[in-house]
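Q: My structure is stored as entry_20.tsv, with TSV, C-alpha atoms and all ligand atoms.
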chain	number	residue	atom	x	y	z
A	213	MET	CA	-5.33	26.64	14.21
A	214	THR	CA	-1.85	26.02	15.50
A	215	ASN	CA	1.33	24.97	13.85
A	216	THR	CA	2.30	22.85	16.83
A	217	PRO	CA	0.82	19.37	16.52
A	218	GLU	CA	-1.24	18.49	19.54
A	219	VAL	CA	-0.47	15.01	20.78
A	220	VAL	CA	-3.61	13.23	21.94
A	221	LEU	CA	-2.51	9.89	23.23
A	222	ALA	CA	-4.49	6.76	22.51
A	223	SER	CA	-3.14	4.17	24.89
A	224	GLY	CA	-2.61	0.57	23.89
A	225	GLY	CA	-4.45	0.60	20.58
A	226	ALA	CA	-7.47	2.34	22.04
A	227	PRO	CA	-10.10	3.76	19.70
A	228	PRO	CA	-9.40	7.23	18.31
A	229	ARG	CA	-10.05	10.21	20.52
A	230	HIS	CA	-11.30	13.34	18.92
A	231	ASP	CA	-10.59	16.79	20.23
A	232	GLY	CA	-13.19	18.53	18.13
A	233	ARG	CA	-11.01	19.18	15.10
A	234	ALA	CA	-9.50	16.90	12.51
A	235	ALA	CA	-5.88	17.39	13.54
A	236	GLY	CA	-4.59	14.61	11.34
A	237	PRO	CA	-1.60	12.41	12.06
A	238	VAL	CA	1.18	13.69	14.30
A	239	ALA	CA	4.67	13.38	12.85
A	240	PHE	CA	5.98	10.08	14.15
A	241	LYS	CA	9.18	11.49	15.61
A	242	ASP	CA	7.27	14.22	17.43
A	243	ALA	CA	4.79	11.71	18.83
A	244	VAL	CA	7.57	9.46	20.12
A	245	ALA	CA	9.37	12.45	21.62
A	246	ALA	CA	6.17	13.27	23.50
A	247	THR	CA	5.38	9.78	24.75
A	248	GLY	CA	8.81	8.20	25.02
A	249	ASP	CA	9.90	5.13	23.13
A	250	VAL	CA	8.99	1.56	24.00
A	251	ASP	CA	11.50	-1.04	25.14
A	252	ALA	CA	12.56	-3.34	22.31
A	253	ALA	CA	10.62	-6.59	22.50
A	254	PRO	CA	12.53	-9.86	22.13
A	255	LEU	CA	12.03	-11.55	18.76
A	256	GLU	CA	13.78	-14.86	19.45
A	257	GLN	CA	10.43	-16.66	19.58
A	258	TYR	CA	10.28	-16.25	15.79
A	259	ASP	CA	13.75	-17.67	15.11
A	260	ALA	CA	12.47	-21.16	14.35
A	261	VAL	CA	9.88	-19.96	11.87
A	262	VAL	CA	12.42	-17.71	10.13
A	263	SER	CA	15.12	-20.35	9.89
A	264	ALA	CA	12.58	-22.65	8.19
A	265	MET	CA	12.09	-20.04	5.43
A	266	PRO	CA	14.02	-20.46	2.17
A	267	ALA	CA	17.10	-18.23	2.08
A	268	ARG	CA	19.27	-16.69	-0.62
A	269	VAL	CA	21.95	-14.06	-0.85
A	270	PHE	CA	21.52	-11.03	-3.07
A	271	HIS	CA	24.98	-9.52	-3.46
A	272	SER	CA	25.91	-9.29	0.24
A	273	LEU	CA	22.38	-9.20	1.64
A	274	LYS	CA	20.80	-12.28	3.13
A	275	MET	CA	17.17	-12.63	2.12
A	276	ARG	CA	14.33	-14.85	3.33
A	277	GLN	CA	11.24	-15.97	1.50
A	278	ASN	CA	8.22	-15.40	3.72
A	279	GLN	CA	4.95	-16.85	2.36
A	280	GLY	CA	6.29	-16.47	-1.17
A	281	TYR	CA	7.78	-12.96	-0.79
A	282	TRP	CA	11.44	-12.05	-0.41
A	283	VAL	CA	12.41	-9.82	2.51
A	284	LEU	CA	15.70	-8.90	4.11
A	285	ASP	CA	16.68	-11.54	6.63
A	286	ALA	CA	17.08	-8.72	9.17
A	287	TRP	CA	13.37	-7.90	8.71
A	288	ALA	CA	11.98	-11.43	8.70
A	289	ARG	CA	11.36	-11.91	12.42
A	290	GLY	CA	9.68	-8.54	12.62
A	291	ALA	CA	7.50	-9.36	9.63
A	292	VAL	CA	6.24	-12.48	11.38
A	293	ALA	CA	5.71	-10.57	14.63
A	294	MET	CA	3.76	-7.84	12.83
A	295	GLN	CA	1.52	-10.30	11.02
A	296	ARG	CA	0.85	-12.47	14.07
A	297	GLY	CA	-0.83	-9.88	16.21
A	298	GLY	CA	1.99	-7.39	16.72
A	299	PHE	CA	0.31	-4.72	14.64
A	300	VAL	CA	-3.13	-3.92	16.07
A	301	PRO	CA	-5.24	-1.97	13.58
A	302	ARG	CA	-7.86	0.42	14.92
A	303	ALA	CA	-11.47	0.37	13.83
A	304	ALA	CA	-11.24	3.89	12.41
A	305	GLY	CA	-8.62	6.39	11.45
A	306	ASP	CA	-5.80	4.10	10.33
A	307	VAL	CA	-4.26	4.77	6.92
A	308	LEU	CA	-1.53	2.47	5.69
A	309	LEU	CA	0.68	3.40	2.75
A	310	ALA	CA	1.99	0.38	0.87
A	311	SER	CA	4.52	-0.03	-1.91
A	312	LEU	CA	7.40	-1.92	-3.33
A	313	PRO	CA	10.64	-0.07	-2.57
A	314	LYS	CA	11.66	2.61	-5.08
A	315	SER	CA	8.11	3.17	-6.23
A	316	GLY	CA	7.73	6.67	-4.82
A	317	THR	CA	7.11	5.73	-1.18
A	318	THR	CA	8.93	8.76	0.23
A	319	TRP	CA	6.92	11.12	-1.98
A	320	LEU	CA	3.66	9.41	-1.08
A	321	LYS	CA	4.54	9.67	2.61
A	322	ALA	CA	5.09	13.39	2.25
A	323	LEU	CA	1.95	13.98	0.17
A	324	ALA	CA	-0.33	11.90	2.39
A	325	PHE	CA	1.08	13.37	5.59
A	326	ALA	CA	0.83	16.95	4.35
A	327	THR	CA	-2.72	16.33	3.12
A	328	MET	CA	-4.02	14.62	6.23
A	329	ALA	CA	-2.25	16.92	8.71
A	330	ARG	CA	-3.03	20.16	6.87
A	331	ARG	CA	-5.40	21.58	9.47
A	332	ALA	CA	-2.89	21.31	12.32
A	333	SER	CA	0.08	21.99	10.05
A	334	PRO	CA	-0.76	24.28	7.11
A	335	PRO	CA	1.54	23.30	4.24
A	336	ALA	CA	2.85	26.84	3.74
A	337	SER	CA	3.89	27.26	7.37
A	338	PRO	CA	7.65	27.67	7.86
A	339	ASP	CA	7.71	25.21	10.75
A	340	HIS	CA	5.82	22.44	8.97
A	341	PRO	CA	7.12	19.02	10.15
A	342	LEU	CA	8.25	18.24	6.58
A	343	ARG	CA	10.55	21.27	6.73
A	344	ARG	CA	12.45	19.88	9.71
A	345	LEU	CA	11.92	16.10	9.53
A	346	ASN	CA	12.59	13.46	6.89
A	347	PRO	CA	9.31	12.00	5.50
A	348	HIS	CA	10.33	8.65	7.04
A	349	ASP	CA	10.39	10.37	10.44
A	350	CYS	CA	6.87	11.70	9.83
A	351	VAL	CA	5.36	8.40	8.64
A	352	PRO	CA	6.81	5.27	10.26
A	353	LEU	CA	7.73	2.18	8.29
A	354	LEU	CA	6.12	-0.62	10.27
A	355	ASP	CA	8.46	-3.23	8.82
A	356	ARG	CA	11.51	-1.44	10.24
A	357	LEU	CA	9.94	-0.80	13.65
A	358	PHE	CA	8.91	-4.44	14.01
A	359	ALA	CA	12.36	-5.60	12.82
A	360	LEU	CA	13.79	-3.62	15.73
A	361	GLY	CA	11.24	-5.04	18.18
A	362	ARG	CA	9.75	-1.54	18.52
A	363	GLY	CA	6.43	-2.24	16.81
A	364	ALA	CA	4.42	-1.53	19.97
A	365	VAL	CA	5.36	2.14	19.67
A	366	VAL	CA	2.59	2.57	17.09
A	367	ASP	CA	0.04	1.55	19.75
A	368	GLU	CA	0.91	4.82	21.48
A	369	LEU	CA	0.31	7.03	18.45
A	370	PRO	CA	-2.74	9.27	18.49
A	371	SER	CA	-5.44	8.63	15.91
A	372	PRO	CA	-5.63	9.08	13.03
A	373	ARG	CA	-2.46	7.10	12.40
A	374	LEU	CA	-0.58	7.24	9.10
A	375	MET	CA	1.87	4.36	8.63
A	376	CYS	CA	3.71	2.58	5.85
A	377	THR	CA	4.73	-0.92	4.82
A	378	HIS	CA	6.57	-2.66	1.99
A	379	MET	CA	4.92	-5.97	2.86
A	380	ALA	CA	2.56	-7.72	0.47
A	381	LEU	CA	-1.11	-7.54	1.48
A	382	SER	CA	-1.15	-11.22	2.44
A	383	LEU	CA	1.74	-10.62	4.87
A	384	LEU	CA	-0.26	-8.08	6.89
A	385	PRO	CA	-2.39	-9.10	9.89
A	386	PRO	CA	-5.43	-11.07	8.65
A	387	THR	CA	-7.98	-8.35	9.45
A	388	VAL	CA	-5.97	-5.79	7.49
A	389	ALA	CA	-5.50	-8.18	4.59
A	390	ASP	CA	-9.20	-9.10	4.41
A	391	GLY	CA	-10.46	-5.58	5.01
A	392	THR	CA	-12.44	-6.25	8.17
A	393	SER	CA	-10.21	-3.99	10.30
A	394	GLY	CA	-11.38	-0.77	8.65
A	395	CYS	CA	-7.78	0.23	7.89
A	396	LYS	CA	-7.54	2.19	4.63
A	397	ILE	CA	-4.66	1.41	2.30
A	398	ILE	CA	-2.99	3.61	-0.31
A	399	TYR	CA	-0.77	1.65	-2.68
A	400	ILE	CA	1.69	3.16	-5.13
A	401	CYS	CA	3.27	1.24	-7.98
A	402	ARG	CA	5.79	2.25	-10.62
A	403	ASP	CA	7.16	1.12	-13.95
A	404	GLN	CA	9.44	-1.66	-12.78
A	405	LYS	CA	12.20	-0.75	-15.22
A	406	ASP	CA	12.54	2.61	-13.48
A	407	ALA	CA	12.12	1.01	-10.05
A	408	LEU	CA	14.98	-1.38	-10.68
A	409	VAL	CA	17.31	1.36	-11.93
A	410	SER	CA	16.33	3.40	-8.87
A	411	MET	CA	17.05	0.39	-6.62
A	412	TRP	CA	20.43	-0.14	-8.23
A	413	HIS	CA	21.47	3.47	-7.63
A	414	PHE	CA	20.07	3.39	-4.11
A	415	LEU	CA	21.95	0.26	-3.08
A	416	LYS	CA	25.18	1.45	-4.69
A	417	ARG	CA	24.93	4.65	-2.68
A	418	ASN	CA	24.28	2.72	0.52
A	419	GLY	CA	27.23	0.37	0.73
A	420	LEU	CA	26.84	-1.99	-2.24
A	421	GLN	CA	29.18	0.05	-4.47
A	422	ASP	CA	30.08	-2.86	-6.75
A	423	LEU	CA	26.51	-4.09	-7.29
A	424	SER	CA	25.97	-4.60	-11.01
A	425	LEU	CA	22.89	-3.49	-12.87
A	426	GLN	CA	22.68	-7.01	-14.31
A	427	GLU	CA	22.39	-8.60	-10.87
A	428	THR	CA	19.64	-6.15	-9.93
A	429	TYR	CA	17.89	-6.73	-13.25
A	430	ASP	CA	18.02	-10.52	-12.88
A	431	SER	CA	16.46	-10.32	-9.42
A	432	PHE	CA	13.51	-8.32	-10.79
A	433	CYS	CA	13.02	-10.72	-13.71
A	434	ASP	CA	13.14	-13.88	-11.60
A	435	GLY	CA	11.00	-12.43	-8.78
A	436	THR	CA	13.68	-12.60	-6.08
A	437	CYS	CA	14.26	-8.87	-5.57
A	438	PHE	CA	13.31	-7.27	-2.26
A	439	GLY	CA	9.51	-7.52	-1.86
A	440	GLY	CA	9.21	-9.67	-4.95
A	441	PRO	CA	7.87	-11.26	-6.94
A	442	VAL	CA	6.82	-7.73	-7.84
A	443	TRP	CA	3.88	-8.88	-9.98
A	444	ASP	CA	2.28	-10.78	-7.08
A	445	HIS	CA	2.85	-7.82	-4.74
A	446	MET	CA	1.07	-5.45	-7.16
A	447	LEU	CA	-1.68	-7.90	-8.02
A	448	GLU	CA	-2.73	-8.43	-4.42
A	449	TYR	CA	-3.30	-4.70	-3.88
A	450	TRP	CA	-4.76	-4.26	-7.36
A	451	LYS	CA	-7.38	-6.93	-6.75
A	452	ALA	CA	-8.23	-5.54	-3.32
A	453	SER	CA	-8.62	-2.07	-4.84
A	454	ASN	CA	-10.95	-3.38	-7.54
A	455	GLU	CA	-13.02	-5.22	-4.97
A	456	ASP	CA	-13.30	-2.27	-2.62
A	457	PRO	CA	-12.02	1.05	-3.97
A	458	ALA	CA	-13.12	2.82	-0.80
A	459	ARG	CA	-10.68	0.63	1.14
A	460	VAL	CA	-7.67	0.45	-1.19
A	461	LEU	CA	-6.58	3.34	-3.38
A	462	PHE	CA	-4.23	2.21	-6.16
A	463	LEU	CA	-1.87	4.92	-7.41
A	464	ARG	CA	0.90	5.01	-9.98
A	465	TYR	CA	4.09	7.02	-9.64
A	466	GLU	CA	3.83	8.18	-13.26
A	467	GLN	CA	0.30	9.46	-12.66
A	468	VAL	CA	1.47	11.43	-9.62
A	469	LEU	CA	4.25	12.95	-11.73
A	470	GLN	CA	1.75	13.95	-14.39
A	471	ASP	CA	-0.85	15.40	-12.08
A	472	PRO	CA	0.37	15.92	-8.52
A	473	ALA	CA	-2.47	18.31	-7.67
A	474	GLY	CA	-5.08	15.80	-8.91
A	475	THR	CA	-3.41	13.13	-6.78
A	476	VAL	CA	-3.49	15.32	-3.69
A	477	ARG	CA	-7.22	15.89	-4.20
A	478	GLU	CA	-7.74	12.16	-4.71
A	479	LEU	CA	-5.82	11.37	-1.52
A	480	ALA	CA	-7.86	13.89	0.42
A	481	ARG	CA	-11.17	12.46	-0.82
A	482	PHE	CA	-10.01	8.92	-0.11
A	483	VAL	CA	-9.15	9.64	3.52
A	484	GLY	CA	-12.44	11.48	3.99
A	485	GLN	CA	-10.98	14.99	4.10
A	486	PRO	CA	-11.84	16.54	0.73
A	487	PHE	CA	-10.61	20.08	0.18
A	488	THR	CA	-13.20	22.72	0.88
A	489	GLY	CA	-13.84	25.55	-1.57
A	490	ALA	CA	-12.10	27.90	0.86
A	491	GLU	CA	-9.02	25.67	0.97
A	492	GLU	CA	-8.98	25.46	-2.82
A	493	ASP	CA	-9.27	29.24	-3.06
A	494	ALA	CA	-6.44	29.65	-0.57
A	495	GLY	CA	-4.16	27.45	-2.69
A	496	ALA	CA	-3.81	24.61	-0.18
A	497	VAL	CA	-3.41	21.96	-2.90
A	498	ALA	CA	-0.64	23.87	-4.66
A	499	ASP	CA	1.06	24.47	-1.31
A	500	ILE	CA	1.11	20.73	-0.60
A	501	VAL	CA	2.45	19.93	-4.07
A	502	GLU	CA	5.19	22.51	-3.61
A	503	LEU	CA	6.09	21.39	-0.08
A	504	CYS	CA	6.44	17.79	-1.30
A	505	SER	CA	8.22	18.47	-4.58
A	506	LEU	CA	11.56	16.78	-5.10
A	507	GLU	CA	13.36	20.13	-5.09
A	508	SER	CA	11.73	21.28	-1.89
A	509	LEU	CA	12.27	18.01	-0.01
A	510	ARG	CA	15.82	17.62	-1.28
A	511	SER	CA	16.72	21.08	-0.05
A	512	GLN	CA	15.66	20.40	3.56
A	513	ARG	CA	18.53	19.79	5.93
A	514	ALA	CA	16.75	16.74	7.39
A	515	ASN	CA	16.84	15.14	3.95
A	516	ARG	CA	20.47	15.97	3.26
A	517	GLU	CA	21.79	14.52	6.51
A	518	GLY	CA	21.28	11.37	8.54
A	519	ALA	CA	20.40	7.79	7.79
A	520	GLN	CA	18.21	5.03	9.14
A	521	GLY	CA	17.80	1.32	8.75
A	522	VAL	CA	18.27	-2.09	10.29
A	523	PHE	CA	21.55	-3.80	9.43
A	524	VAL	CA	22.00	-1.60	6.32
A	525	LYS	CA	21.79	2.15	6.99
A	526	PHE	CA	20.11	4.07	4.18
A	527	SER	CA	21.14	7.72	3.97
A	528	HIS	CA	18.26	10.19	3.84
A	529	GLU	CA	19.68	11.97	0.80
A	530	SER	CA	19.67	8.72	-1.21
A	531	TYR	CA	15.85	8.74	-1.30
A	532	PHE	CA	15.90	11.77	-3.59
A	533	ARG	CA	17.54	11.23	-6.96
A	534	LYS	CA	16.08	12.13	-10.37
A	535	GLY	CA	12.38	11.64	-9.80
A	536	VAL	CA	11.42	11.14	-13.45
A	537	ALA	CA	9.77	8.49	-15.61
A	538	GLY	CA	11.88	6.66	-18.21
A	539	ASP	CA	15.34	6.97	-16.66
A	540	TRP	CA	15.75	3.22	-17.29
A	541	MET	CA	16.62	4.10	-20.89
A	542	SER	CA	19.87	5.69	-19.73
A	543	HIS	CA	21.02	2.39	-18.25
A	544	MET	CA	19.30	-0.54	-19.95
A	545	SER	CA	19.13	-1.67	-23.54
A	546	PRO	CA	15.72	-1.68	-25.26
A	547	GLU	CA	15.96	-5.51	-25.28
A	548	MET	CA	16.40	-5.66	-21.50
A	549	GLY	CA	13.44	-3.35	-21.08
A	550	GLU	CA	11.27	-5.38	-23.44
A	551	ARG	CA	12.14	-8.63	-21.67
A	552	LEU	CA	11.09	-7.30	-18.25
A	553	ASP	CA	7.94	-5.77	-19.76
A	554	ALA	CA	7.08	-9.12	-21.35
A	555	ILE	CA	7.51	-10.95	-18.05
A	556	LEU	CA	5.19	-8.48	-16.35
A	557	ARG	CA	2.63	-8.56	-19.17
A	558	ASP	CA	2.57	-12.33	-18.86
A	559	ARG	CA	2.23	-12.33	-15.06
A	560	LEU	CA	-0.41	-9.59	-15.01
A	561	ASP	CA	-2.35	-11.02	-17.93
A	562	GLY	CA	-6.11	-11.05	-17.37
A	563	SER	CA	-5.95	-8.88	-14.24
A	564	GLY	CA	-6.68	-5.58	-15.99
A	565	LEU	CA	-3.49	-4.13	-14.51
A	566	VAL	CA	-1.29	-2.72	-17.24
A	567	LEU	CA	1.95	-1.03	-16.24
B	1	LIG	P1	14.68	7.73	-8.80
B	1	LIG	O1	15.79	6.95	-8.18
B	1	LIG	O2	14.21	7.11	-10.10
B	1	LIG	O3	14.98	9.16	-8.96
B	1	LIG	P2	11.12	5.31	-2.68
B	1	LIG	O4	10.72	6.51	-1.94
B	1	LIG	O5	10.00	4.30	-2.82
B	1	LIG	O6	12.36	4.72	-2.15
B	1	LIG	O7	11.39	5.76	-4.18
B	1	LIG	C1	12.50	6.56	-4.49
B	1	LIG	C2	12.26	7.17	-5.86
B	1	LIG	O8	11.28	8.21	-5.74
B	1	LIG	C3	13.52	7.80	-6.41
B	1	LIG	O9	13.43	7.65	-7.83
B	1	LIG	C4	13.36	9.23	-5.98
B	1	LIG	O10	14.13	10.16	-6.70
B	1	LIG	C5	11.87	9.43	-6.18
B	1	LIG	N1	11.34	10.54	-5.39
B	1	LIG	C6	11.57	10.83	-4.08
B	1	LIG	N2	10.93	11.93	-3.72
B	1	LIG	C7	10.29	12.39	-4.80
B	1	LIG	C8	9.47	13.54	-5.07
B	1	LIG	N3	9.20	14.42	-4.12
B	1	LIG	N4	8.98	13.69	-6.30
B	1	LIG	C9	9.25	12.80	-7.29
B	1	LIG	N5	10.02	11.70	-7.11
B	1	LIG	C10	10.53	11.50	-5.87
Show how you would write the structure in this file as structure tokens.

A:
Amino acid sequence: MTNTPEVVLASGGAPPRHDGRAAGPVAFKDAVAATGDVDAAPLEQYDAVVSAMPARVFHSLKMRQNQGYWVLDAWARGAVAMQRGGFVPRAAGDVLLASLPKSGTTWLKALAFATMARRASPPASPDHPLRRLNPHDCVPLLDRLFALGRGAVVDELPSPRLMCTHMALSLLPPTVADGTSGCKIIYICRDQKDALVSMWHFLKRNGLQDLSLQETYDSFCDGTCFGGPVWDHMLEYWKASNEDPARVLFLRYEQVLQDPAGTVRELARFVGQPFTGAEEDAGAVADIVELCSLESLRSQRANREGAQGVFVKFSHESYFRKGVAGDWMSHMSPEMGERLDAILRDRLDGSGLVL
């Protein structure tokens, strides 16, 4: 075993190549450094379709409603490009993480990456990619890459690929949405009261200093927040998970908080790499939990410095705040909480999904 990820290139969306060992995904930034980046593709061909979408302004951010879901205007052309053939899933080896923002995406990226890449990069090793790279540099956000016209860069990644999206299932390419592509999906959802408080802090720390909690709250209640309506977003993945649990794993942030080791084992089983007895004995699960803990990630230089984004730059450090359940109570009245809960209960009624 080596601590240096071996880059096995799969050109142009080719089927996975195996080198005799399950190396797992290569950290995105390392893979791009090895292959070189792609030239940004023009997106003007999608201008007409985007300008026909309903628009609104949230604080200072222009939003577009794409097939019922609100996205940043700056992401809309890329979202259309990704859905209409830009993202080419592979028959085997693709794992897509999916979430609404502020639901624990960064944590899930770290946990899934560390779990899947553990043979090439043992979690206790001092030069593990997560000790020198931000989780968003290990697992690419497709939405951001496509918004920049750089979506084709994922065609160059070696298999297995680990990627992420905030898009609703119905906004993904048809074969991913209907399950015929073979792409596995891991979805994480969170109590929306905590997600909205997290979003409010996050946006205030990233340039929207005067954003009020009330404005953020209203956008969650009326379904116009980023990625919303949140209930439809969750329901699509929830239904797909019920129909085919081997294809879509549905996780909750609160459950990961309660039992991170159990979640790591569940992730490993889901991606077809269950922990062996020897790995369990060697403490691999605990090592992954520790590597991905809020304290550990927050202390890494890569997570204290730098920023990334399209139009709005999000600082790396702003992805790591309190990391608890129930922080909404420090900011919202019980009545505000009950009203949002009631809206969600109503929208999720009959689905079996209870937040
Ligand atoms: P809070 O703002 O409530 O603390 P996302 O990654 O989807 O943007 O979600 C960010 C939320 O996940 C933030 O919540 C953040 O603190 C929390 N988070 C990030 N890394 C975490 C970790 N390793 N463990 C627990 N929570 C984490």

Q: With a distance cut-off of 8 Å and only C-alpha atoms, select the neighbouring residues of Ser382 in chain A, excluding the residue or stretch itself and same-chain residues fewer than 4 positions from it, and output the selection as a list in words.

A: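 Within the cut-off, the hits are Pro386, Ala389 and Glu448 of chain A.
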
Q: Show which residues sit within 12 Å of Asp390 in chain A, as a ChimeraX atom specification. Count only C-alpha atoms, and ignore same-chain residues fewer than 4 positions away.

A: /A:381-386,394-397,448-449,451-453,455-456,459-460

Q: Using all atoms listed in the file for the distances, tell me which of A:His413, A:Arg533, A:Arg330, A:Lys321 is nearest to Ile398 in chain A.

A: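 With all atoms listed in the file as the atom set, the closest residue is A:Lys321.
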
Q: Given a cut-off of 6 Å, what residues near ligand LIG 1 (chain B) show up using all atoms listed in the file, put as a list of chain:residue names?

A: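 Based on all atoms listed in the file, ligand LIG 1 (chain B) is surrounded within 6 Å by A:Pro313, A:Lys314, A:Ser315, A:Gly316, A:Thr317, A:Thr318, A:Trp319, A:Asp406, A:Ser410, A:Cys504, A:Ser505, A:Leu506, A:Tyr531, A:Phe532, A:Arg533, A:Lys534, A:Gly535, A:Val536.
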
Q: To one decimal place in Å, what is the distance between CA of Glu466 in chain A and CA of Asp403 in chain A?

A: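 Those two atoms sit 7.8 Å apart.
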
Q: For range 344-463 of chain A versus range 250-265 of chain A, which residues have an atom no more than 9 Å away, and what is each residue's nearest atom pair and distance in Å rounded to one decimal, using only C-alpha atoms, chain-then-number order, as CSV?

A:
residue,atom,partner,partner_atom,distance
A:Phe358,CA,A:Ala253,CA,8.9
A:Ala359,CA,A:Leu255,CA,8.4
A:Leu360,CA,A:Ala252,CA,6.7
A:Gly361,CA,A:Ala253,CA,4.6
A:Arg362,CA,A:Ala252,CA,5.0
A:Gly363,CA,A:Ala253,CA,8.3
A:Ala364,CA,A:Val250,CA,6.8
A:Val365,CA,A:Val250,CA,5.7

Q: Filtering to C-alpha atoms, could you give me those residues as an mmCIF file, in the coordinates of the input?

A:
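Result file follows (out.cif):
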data_model
loop_
_atom_site.group_PDB
_atom_site.id
_atom_site.type_symbol
_atom_site.label_atom_id
_atom_site.label_comp_id
_atom_site.auth_asym_id
_atom_site.auth_seq_id
_atom_site.Cartn_x
_atom_site.Cartn_y
_atom_site.Cartn_z
ATOM 1 C CA PHE A 358 8.910 -4.440 14.010
ATOM 2 C CA ALA A 359 12.360 -5.600 12.820
ATOM 3 C CA LEU A 360 13.790 -3.620 15.730
ATOM 4 C CA GLY A 361 11.240 -5.040 18.180
ATOM 5 C CA ARG A 362 9.750 -1.540 18.520
ATOM 6 C CA GLY A 363 6.430 -2.240 16.810
ATOM 7 C CA ALA A 364 4.420 -1.530 19.970
ATOM 8 C CA VAL A 365 5.360 2.140 19.670
#

Q: Report as a VMD selection string all protein, DNA and RNA residues lying within 8 Å of Ala303 in chain A, evaluated on only C-alpha atoms, omitting residues in the same chain fewer than 2 positions from it.

A: chain A and resid 227 301 305 to 306 393 to 395

Q: Report the closest atom pair, with its distance in Å rounded to one decimal, for each residue of range 517-540 of chain A that has an atom no farther than 12 Å from range 266-275 of chain A; count only C-alpha atoms, sort by chain and then rising residue number, and write it as JSON lines.

A:
{"residue": "A:Val522", "atom": "CA", "partner": "A:Leu273", "partner_atom": "CA", "distance": 11.9}
{"residue": "A:Phe523", "atom": "CA", "partner": "A:Leu273", "partner_atom": "CA", "distance": 9.5}
{"residue": "A:Val524", "atom": "CA", "partner": "A:Leu273", "partner_atom": "CA", "distance": 8.9}

Q: Could you turn the residues from that selection into a file that holds C-alpha atoms, as a PDB file, in the coordinates of the input?

A:
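This is the output file out-v8.pdb:
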ATOM      1  CA  VAL A 522      18.270  -2.090  10.290  1.00  0.00           C
ATOM      2  CA  PHE A 523      21.550  -3.800   9.430  1.00  0.00           C
ATOM      3  CA  VAL A 524      22.000  -1.600   6.320  1.00  0.00           C
TER       4      VAL A 524
END
